[in-house]
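See below for target-v3.txt, which holds compact mmCIF, C-alpha atoms and all ligand atoms.
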# COMPACT_ATOMS: atom_id res chain seq x y z
CA MET A 21 20.22 89.85 95.80
CA LYS A 22 19.57 93.54 95.17
CA VAL A 23 22.43 95.94 94.38
CA LYS A 24 22.93 98.66 96.97
CA VAL A 25 22.66 102.24 95.78
CA ALA A 26 23.60 105.41 97.68
CA ILE A 27 22.15 108.79 96.67
CA ASN A 28 24.48 111.70 97.36
CA GLY A 29 22.33 114.85 97.12
CA TYR A 30 18.61 114.32 97.71
CA GLY A 31 17.23 117.23 95.66
CA THR A 32 15.22 117.52 92.45
CA ILE A 33 16.96 114.67 90.67
CA GLY A 34 18.15 112.72 93.72
CA LYS A 35 14.70 112.23 95.20
CA ARG A 36 13.27 111.07 91.89
CA LEU A 37 16.12 108.61 91.40
CA ALA A 38 15.63 107.27 94.92
CA ASP A 39 12.00 106.40 94.19
CA ALA A 40 12.68 104.98 90.72
CA ILE A 41 15.60 102.84 91.95
CA ASN A 42 13.70 101.51 94.95
CA ALA A 43 10.84 100.55 92.64
CA GLN A 44 13.15 98.20 90.66
CA PRO A 45 13.21 94.51 91.57
CA ASP A 46 17.02 94.25 91.41
CA MET A 47 18.17 97.37 93.29
CA GLU A 48 17.61 99.18 96.58
CA VAL A 49 18.49 102.57 98.00
CA ILE A 50 20.51 102.15 101.19
CA GLY A 51 20.72 105.83 102.07
CA VAL A 52 20.44 109.43 100.90
CA THR A 53 22.46 112.48 101.92
CA LYS A 54 21.51 116.06 102.66
CA THR A 55 23.46 119.09 103.81
CA ARG A 56 20.52 120.68 105.65
CA PRO A 57 17.47 119.46 107.55
CA THR A 58 15.03 120.86 104.99
CA PHE A 59 11.53 119.58 104.20
CA GLU A 60 13.16 117.29 101.62
CA ALA A 61 15.25 115.67 104.36
CA LYS A 62 12.08 115.11 106.37
CA MET A 63 10.39 113.65 103.29
CA ALA A 64 13.30 111.24 102.83
CA ASN A 65 12.67 109.99 106.36
CA LEU A 66 8.93 109.77 105.73
CA ARG A 67 9.51 107.74 102.58
CA GLY A 68 11.72 105.37 104.56
CA PHE A 69 15.10 106.28 103.07
CA PRO A 70 17.90 106.21 105.67
CA LEU A 71 19.14 109.79 105.96
CA TYR A 72 22.82 110.71 106.22
CA ALA A 73 24.51 114.09 106.67
CA ALA A 74 26.69 114.86 103.64
CA SER A 75 29.67 115.46 105.95
CA LYS A 76 30.43 115.59 109.66
CA ASP A 77 30.38 119.41 109.50
CA PHE A 78 26.61 119.23 108.90
CA VAL A 79 25.65 116.74 111.61
CA SER A 80 24.91 119.39 114.25
CA ARG A 81 22.32 121.03 111.93
CA PHE A 82 20.31 117.82 111.86
CA ASP A 83 20.74 117.28 115.63
CA GLU A 84 19.52 120.83 116.33
CA ALA A 85 16.48 120.27 114.10
CA GLY A 86 15.75 117.00 115.88
CA LEU A 87 16.08 115.06 112.65
CA GLU A 88 17.67 111.67 113.08
CA THR A 89 20.55 110.70 110.77
CA GLN A 90 22.28 107.36 110.38
CA GLY A 91 25.72 108.96 110.17
CA THR A 92 27.56 110.71 107.36
CA LEU A 93 28.46 110.02 103.74
CA ASP A 94 31.67 108.40 105.05
CA ASP A 95 29.52 105.77 106.79
CA LEU A 96 27.17 105.27 103.84
CA LEU A 97 29.64 104.93 100.96
CA PRO A 98 31.48 101.75 102.05
CA GLU A 99 28.14 99.89 102.08
CA ALA A 100 27.16 100.93 98.53
CA ASP A 101 27.79 99.14 95.23
CA ILE A 102 27.30 102.41 93.38
CA VAL A 103 26.68 106.06 94.23
CA MET A 104 24.37 108.41 92.34
CA ASP A 105 25.95 111.85 92.64
CA CYS A 106 23.01 114.25 92.38
CA THR A 107 24.73 117.18 94.04
CA PRO A 108 24.97 120.55 92.28
CA LYS A 109 27.76 120.66 89.68
CA LYS A 110 31.44 120.67 90.62
CA MET A 111 31.05 119.45 94.21
CA GLY A 112 34.25 117.47 93.79
CA TYR A 113 33.38 114.08 95.28
CA LYS A 114 35.23 112.09 92.61
CA GLU A 115 38.41 111.64 94.65
CA MET A 116 36.41 110.28 97.57
CA TYR A 117 34.67 107.69 95.39
CA GLU A 118 37.98 106.80 93.74
CA LYS A 119 39.71 106.20 97.08
CA LEU A 120 36.98 103.76 98.09
CA GLY A 121 36.98 102.11 94.65
CA LYS A 122 33.28 102.94 94.24
CA LYS A 123 31.38 103.22 90.98
CA ALA A 124 29.59 106.52 90.51
CA ILE A 125 27.09 108.20 88.22
CA TRP A 126 26.95 111.99 87.84
CA GLN A 127 24.31 114.19 86.23
CA GLY A 128 24.23 116.52 83.25
CA GLY A 129 25.41 119.63 85.10
CA GLU A 130 28.91 118.13 85.06
CA LYS A 131 31.28 118.30 82.12
CA HIS A 132 31.96 115.24 79.95
CA ASP A 133 35.63 115.32 81.01
CA LEU A 134 34.77 114.36 84.59
CA THR A 135 34.02 110.78 83.55
CA GLY A 136 35.07 110.63 79.87
CA LEU A 137 31.85 108.65 79.35
CA SER A 138 28.50 110.35 78.78
CA PHE A 139 25.44 108.11 78.72
CA ASN A 140 22.15 107.64 76.95
CA ALA A 141 20.58 104.20 77.24
CA MET A 142 19.58 103.78 73.60
CA ALA A 143 22.74 105.26 72.12
CA ASN A 144 25.60 103.79 74.18
CA TYR A 145 24.43 101.41 76.93
CA GLU A 146 27.12 98.94 75.84
CA GLN A 147 29.93 101.49 76.27
CA ALA A 148 29.09 101.90 79.95
CA TYR A 149 29.16 98.14 80.59
CA GLY A 150 31.40 97.60 83.63
CA ALA A 151 32.52 101.25 83.68
CA GLN A 152 33.50 102.90 86.98
CA PHE A 153 32.35 106.46 86.25
CA VAL A 154 29.55 107.66 83.99
CA ARG A 155 27.77 110.96 83.45
CA VAL A 156 24.12 110.80 82.42
CA VAL A 157 23.68 113.72 80.02
CA SER A 158 21.36 116.63 80.80
CA CYS A 159 17.59 116.70 80.35
CA ASN A 160 17.81 118.60 77.04
CA THR A 161 20.56 116.38 75.66
CA THR A 162 18.62 113.27 76.70
CA GLY A 163 15.60 114.67 74.86
CA LEU A 164 17.57 115.33 71.69
CA LEU A 165 19.19 111.89 71.76
CA ARG A 166 15.89 110.07 72.33
CA THR A 167 14.45 111.26 69.01
CA LEU A 168 17.62 111.85 66.97
CA TYR A 169 19.40 108.56 67.63
CA PRO A 170 16.74 106.37 65.96
CA LEU A 171 16.68 108.74 62.96
CA TYR A 172 20.46 108.58 62.79
CA THR A 173 20.59 104.78 62.82
CA GLU A 174 17.56 104.20 60.55
CA TYR A 175 17.88 106.91 57.89
CA GLY A 176 21.22 108.64 58.47
CA ILE A 177 21.54 112.33 59.32
CA ASP A 178 23.47 114.98 57.37
CA ASN A 179 22.80 117.78 59.85
CA VAL A 180 20.56 118.94 62.70
CA LEU A 181 19.61 122.48 63.70
CA ALA A 182 17.72 122.70 66.97
CA VAL A 183 16.45 125.60 69.07
CA MET A 184 16.05 124.90 72.80
CA VAL A 185 13.29 126.98 74.34
CA ARG A 186 14.33 126.52 77.93
CA ARG A 187 12.34 126.75 81.16
CA SER A 188 13.94 129.39 83.36
CA ALA A 189 13.80 127.41 86.62
CA ASP A 190 12.37 124.28 88.20
CA PRO A 191 8.88 124.83 89.71
CA TRP A 192 10.13 125.00 93.33
CA ASP A 193 12.97 127.42 92.51
CA THR A 194 11.95 131.00 93.27
CA LYS A 195 15.45 132.42 92.95
CA ARG A 196 16.07 132.09 89.23
CA GLY A 197 14.60 133.99 86.31
CA PRO A 198 13.69 135.60 84.02
CA ILE A 199 10.11 136.01 85.23
CA ASN A 200 9.00 138.52 82.61
CA ALA A 201 11.45 138.47 79.73
CA ILE A 202 12.89 136.27 77.01
CA GLU A 203 16.62 135.76 77.31
CA PRO A 204 18.68 134.47 74.38
CA VAL A 205 21.72 132.40 75.33
CA LEU A 206 24.38 134.47 73.59
CA LYS A 207 26.95 131.72 73.51
CA VAL A 208 26.30 130.39 70.04
CA PRO A 209 26.09 127.53 69.28
CA SER A 210 24.81 126.51 72.72
CA HIS A 211 26.47 123.67 74.66
CA HIS A 212 23.67 121.21 73.84
CA GLY A 213 25.02 120.26 70.38
CA PRO A 214 28.50 119.35 71.66
CA ASP A 215 26.82 117.54 74.54
CA VAL A 216 24.91 115.33 72.07
CA GLN A 217 28.26 114.69 70.36
CA SER A 218 29.76 113.56 73.67
CA VAL A 219 27.52 110.49 73.19
CA VAL A 220 27.33 110.26 69.38
CA PRO A 221 30.46 112.05 68.10
CA GLU A 222 29.66 111.63 64.37
CA LEU A 223 26.28 113.39 64.57
CA ASN A 224 26.43 116.87 63.01
CA ILE A 225 24.32 119.14 65.17
CA GLN A 226 24.17 122.83 66.03
CA THR A 227 21.92 124.24 68.73
CA THR A 228 20.87 127.62 70.06
CA ALA A 229 18.93 128.32 73.24
CA VAL A 230 16.45 130.86 74.58
CA LYS A 231 15.30 131.08 78.22
CA VAL A 232 11.63 131.79 78.76
CA PRO A 233 9.58 132.54 81.89
CA THR A 234 8.10 129.11 82.49
CA THR A 235 8.96 126.39 84.99
CA ILE A 236 7.24 123.31 83.67
CA MET A 237 9.06 122.05 80.57
CA HIS A 238 11.61 122.75 77.84
CA LEU A 239 10.48 122.81 74.22
CA HIS A 240 12.67 121.97 71.21
CA SER A 241 12.10 123.05 67.64
CA VAL A 242 14.18 120.68 65.53
CA VAL A 243 15.08 120.65 61.81
CA VAL A 244 16.89 117.58 60.54
CA ASP A 245 18.52 117.02 57.16
CA LEU A 246 18.13 113.29 56.67
CA LYS A 247 20.14 111.24 54.22
CA LYS A 248 16.93 109.76 52.77
CA GLU A 249 13.55 111.07 51.72
CA VAL A 250 10.96 109.77 54.19
CA SER A 251 7.35 110.62 55.01
CA SER A 252 6.15 112.00 58.33
CA GLU A 253 4.27 108.68 58.79
CA ASP A 254 7.58 106.79 58.45
CA VAL A 255 9.16 108.97 61.13
CA ILE A 256 6.19 108.65 63.48
CA GLY A 257 6.21 104.86 62.96
CA LEU A 258 9.91 104.72 63.80
CA TRP A 259 9.47 106.75 66.99
CA LYS A 260 6.44 104.68 67.99
CA ALA A 261 8.72 101.64 67.97
CA THR A 262 11.30 103.49 70.11
CA PRO A 263 11.10 103.42 73.93
CA ARG A 264 10.44 106.58 75.93
CA ILE A 265 8.84 108.72 73.25
CA ILE A 266 5.20 109.63 73.74
CA PHE A 267 2.95 111.30 71.16
CA VAL A 268 0.63 114.19 71.87
CA SER A 269 -1.77 115.89 69.45
CA GLY A 270 -2.77 119.49 69.00
CA SER A 271 -5.98 118.14 67.52
CA GLU A 272 -6.77 116.52 70.90
CA GLY A 273 -6.30 119.78 72.73
CA ILE A 274 -2.63 119.46 73.64
CA LYS A 275 -1.41 122.71 72.19
CA SER A 276 1.24 123.62 74.76
CA THR A 277 3.49 122.30 77.51
CA ALA A 278 0.77 123.18 80.03
CA GLN A 279 -1.60 120.56 78.62
CA ILE A 280 1.22 118.02 78.41
CA MET A 281 1.87 118.37 82.12
CA GLU A 282 -1.86 118.13 82.82
CA MET A 283 -1.85 114.86 80.86
CA ALA A 284 1.21 113.72 82.83
CA ARG A 285 -0.65 114.36 86.08
CA ASP A 286 -3.55 112.30 84.75
CA LEU A 287 -1.12 109.42 84.13
CA CYS A 288 -0.75 109.19 87.94
CA ARG A 289 2.99 108.60 88.02
CA GLU A 290 5.14 109.74 90.96
CA ARG A 291 4.92 113.55 91.30
CA GLY A 292 3.04 113.82 87.97
CA ASP A 293 6.40 113.29 86.20
CA LEU A 294 6.75 112.55 82.49
CA TYR A 295 9.74 110.30 81.80
CA GLU A 296 9.10 110.17 78.06
CA ILE A 297 9.86 112.86 75.49
CA ALA A 298 6.59 114.29 74.20
CA VAL A 299 6.44 114.76 70.42
CA TRP A 300 3.51 116.50 68.69
CA ASP A 301 2.37 114.05 66.00
CA ASP A 302 0.65 116.87 64.12
CA GLY A 303 3.88 118.90 64.33
CA VAL A 304 5.98 116.33 62.43
CA HIS A 305 6.51 117.43 58.80
CA THR A 306 8.81 116.37 56.02
CA VAL A 307 9.77 118.22 52.86
CA GLY A 308 12.04 116.05 50.74
CA LYS A 309 14.88 115.01 53.03
CA LYS A 310 14.09 117.72 55.58
CA LEU A 311 12.25 116.83 58.77
CA TYR A 312 10.66 119.37 61.13
CA TYR A 313 9.32 118.53 64.57
CA TYR A 314 8.59 119.88 68.05
CA GLN A 315 9.19 118.05 71.29
CA ALA A 316 8.77 118.86 74.96
CA ILE A 317 11.01 117.73 77.79
CA HIS A 318 10.02 117.30 81.43
CA GLN A 319 13.35 118.50 82.76
CA GLU A 320 12.98 117.07 86.25
CA SER A 321 12.30 113.49 85.21
CA ASP A 322 13.36 112.46 81.68
CA VAL A 323 16.85 111.51 82.90
CA VAL A 324 15.49 109.24 85.64
CA PRO A 325 15.11 106.03 83.59
CA GLU A 326 18.52 106.62 81.95
CA ASN A 327 20.15 106.62 85.39
CA VAL A 328 18.52 103.31 86.30
CA ASP A 329 19.78 101.74 83.05
CA ALA A 330 23.25 103.17 83.66
CA ILE A 331 23.35 101.27 86.98
CA ARG A 332 22.48 97.97 85.25
CA SER A 333 25.14 98.53 82.61
CA MET A 334 27.93 99.64 84.97
CA LEU A 335 27.26 96.84 87.47
CA GLU A 336 26.98 94.32 84.59
CA MET A 337 23.50 93.28 85.69
CA GLU A 338 21.98 93.12 82.18
CA GLU A 339 23.81 93.02 78.84
CA ASP A 340 20.82 93.82 76.66
CA LYS A 341 19.91 97.51 76.69
CA LEU A 342 16.34 96.90 75.57
CA LYS A 343 15.76 94.41 78.39
CA SER A 344 17.12 96.87 80.93
CA MET A 345 14.98 99.67 79.52
CA GLU A 346 11.91 97.44 79.57
CA THR A 347 12.45 96.52 83.23
CA THR A 348 13.17 100.11 84.24
CA ASP A 349 10.09 101.43 82.47
CA LYS A 350 7.78 98.71 83.77
CA TYR A 351 8.54 99.53 87.40
CA ILE A 352 8.23 103.30 87.04
CA GLY A 353 4.98 103.00 85.15
CA VAL A 354 6.01 103.82 81.56
CA CYS A 355 3.94 101.82 79.09
P1 LIG A 401 19.03 120.45 93.47
O1 LIG A 401 19.60 121.71 93.93
O2 LIG A 401 17.56 120.31 93.33
O3 LIG A 401 19.53 119.27 94.42
C1 LIG A 401 20.87 119.14 94.81
C2 LIG A 401 20.90 118.45 96.15
O4 LIG A 401 22.25 118.29 96.56
C3 LIG A 401 20.21 119.25 97.25
O5 LIG A 401 19.41 118.36 98.00
C4 LIG A 401 21.34 119.77 98.11
O6 LIG A 401 20.96 119.82 99.48
C5 LIG A 401 22.38 118.70 97.92
N1 LIG A 401 23.75 119.17 98.13
C6 LIG A 401 24.24 120.42 97.97
N2 LIG A 401 25.55 120.44 98.27
C7 LIG A 401 25.88 119.18 98.63
C8 LIG A 401 27.07 118.58 99.07
N3 LIG A 401 28.21 119.26 99.17
N4 LIG A 401 27.05 117.26 99.34
C9 LIG A 401 25.92 116.53 99.24
N5 LIG A 401 24.74 117.06 98.83
C10 LIG A 401 24.74 118.36 98.54
O7 LIG A 401 19.77 120.13 92.09
P2 LIG A 401 19.27 119.18 90.93
O8 LIG A 401 18.41 119.97 90.03
O9 LIG A 401 18.78 117.89 91.47
O10 LIG A 401 20.64 118.98 90.13
C11 LIG A 401 21.56 117.94 90.43
C12 LIG A 401 22.28 117.57 89.15
O11 LIG A 401 21.30 117.12 88.21
C13 LIG A 401 23.00 118.74 88.46
O12 LIG A 401 24.14 118.23 87.80
C14 LIG A 401 21.99 119.21 87.44
O13 LIG A 401 22.58 119.90 86.37
C15 LIG A 401 21.41 117.88 87.00
N6 LIG A 401 20.10 117.95 86.35
C16 LIG A 401 19.10 118.75 86.83
C17 LIG A 401 17.89 118.79 86.18
C18 LIG A 401 16.75 119.67 86.66
O14 LIG A 401 15.91 120.05 85.88
N7 LIG A 401 16.70 120.02 87.91
C19 LIG A 401 17.66 118.00 85.05
C20 LIG A 401 18.67 117.15 84.62
C21 LIG A 401 19.89 117.14 85.27
Now, as a test, write the supplied structure out as structure tokens.
Amino acid sequence: MKVKVAINGYGTIGKRLADAINAQPDMEVIGVTKTRPTFEAKMANLRGFPLYAASKDFVSRFDEAGLETQGTLDDLLPEADIVMDCTPKKMGYKEMYEKLGKKAIWQGGEKHDLTGLSFNAMANYEQAYGAQFVRVVSCNTTGLLRTLYPLYTEYGIDNVLAVMVRRSADPWDTKRGPINAIEPVLKVPSHHGPDVQSVVPELNIQTTAVKVPTTIMHLHSVVVDLKKEVSSEDVIGLWKATPRIIFVSGSEGIKSTAQIMEMARDLCRERGDLYEIAVWDDGVHTVGKKLYYYQAIHQESDVVPENVDAIRSMLEMEEDKLKSMETTDKYIGVC
């Protein structure tokens, strides 16, 4: 029998999770919520996801637009084994889930304190086993953990310094900027380092961030002080054996995030998404115990597989993280 999943908030992340979850053999989406009858609500209907109004206050909007709903979140939640909360941050649904005794997963816009458990499949799948509430960390934090965690367990890490070159908005979002400026995040260090530590507390890491006028990806420039001297070939070999890291090469014409996204479109996944973290193999360098590398993050999709694994862990469907990751990846098309 498939576990029943509700998606509260069918936006950038919610719609991607709905597709990825429905593609899995052991789970199904039983409904998605929207506050407004936007094109995304229509798309949910077209894709066959039962549509619910997020609350009874919004029902009339859907009626007026002639868009059929199956009821409200109050009708959907009792039927679900777990709810994916993909609403904008601080929407305050926790009490509602608690009252119904439902398990829930939030996204990286929320603070760690909301759940007390922040998740990355490779780093702490086991910790989430049977848990009621989990937060899947943000796209940038997921990216950092994907490449740092294997280094940490294999070689040991003394310290990490990472600069996040952040996309200013998602591609659909015409309201945010900058559109012609570079904006340093003046809160130093940025929140990304502590966010990594919410999953791996012992990892010494400091981060800074800069917003740039692009919508397609984030880029990280990372410098790691390892505990051992290793070669760049060793590091590349380690990452090749790690799920959800993909290599790109400047020598093959991938010199920027633009070409990475072109490659992602060629991979023919849903929406041209790239679930893996893209690392430039010709950008990996070691000098003694110091490691330098660049990686790019598809902000709209790298957290998708982590959410699917979090469901398997919280609902105790699979004890082995690698087996869960393998299943997840197989059904969303990650080799
Ligand atoms: P979004 O704005 O694209 O989507 C949010 C959805 O929630 C919209 O469909 C909106 O209609 C709906 N919504 C708004 N208020 C609601 C309410 N009261 N009840 C139910 N639904 C409501 O936002 P998003 O980018 O998908 O972000 C969702 C979460 O995912 C945030 O925590 C964000 O930080 C995190 N996240 C976003 C990205 C990204 O790049 N977009 C990446 C990783 C994590």
Using only C-alpha atoms and all ligand atoms, determine which residues fall within 8 Å of ligand LIG 401 (chain A), then list them as a PyMOL selection string. chain A and resi 28-35+53-56+60+73-75+105-109+111+126-130+157-160+189-190+318-323
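Among the candidates A:Leu239, A:Ala38, A:Leu134, A:Ile202, the residue lying nearest to Val328 in chain A is A:Ala38 (atoms considered: all atoms listed in the file).
In this structure, CA of Asn179 in chain A sits 24.0 Å away from CA of Glu296 in chain A.
For the choices A:Gly150, A:Gly213, A:Pro204, A:Gly121, the atom-to-atom distance to Arg332 in chain A is smallest for A:Gly150 when using all atoms listed in the file.
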Shell around range 342-350 of chain A at 9 Å using only C-alpha atoms, local window under 3 positions removed, as a VMD selection string: chain A and resid 40 to 41 43 to 45 141 to 142 263 to 264 295 325 to 326 328 to 329 332 to 333 337 to 339 353 to 355
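Interatomic distance, CA of Met334 in chain A against CA of Thr135 in chain A: 12.8 Å.
Of the listed residues A:Lys119, A:Lys24, A:Arg67, A:Arg81, the one whose atoms come nearest to Met47 in chain A is A:Lys24, with distances taken using all atoms listed in the file.
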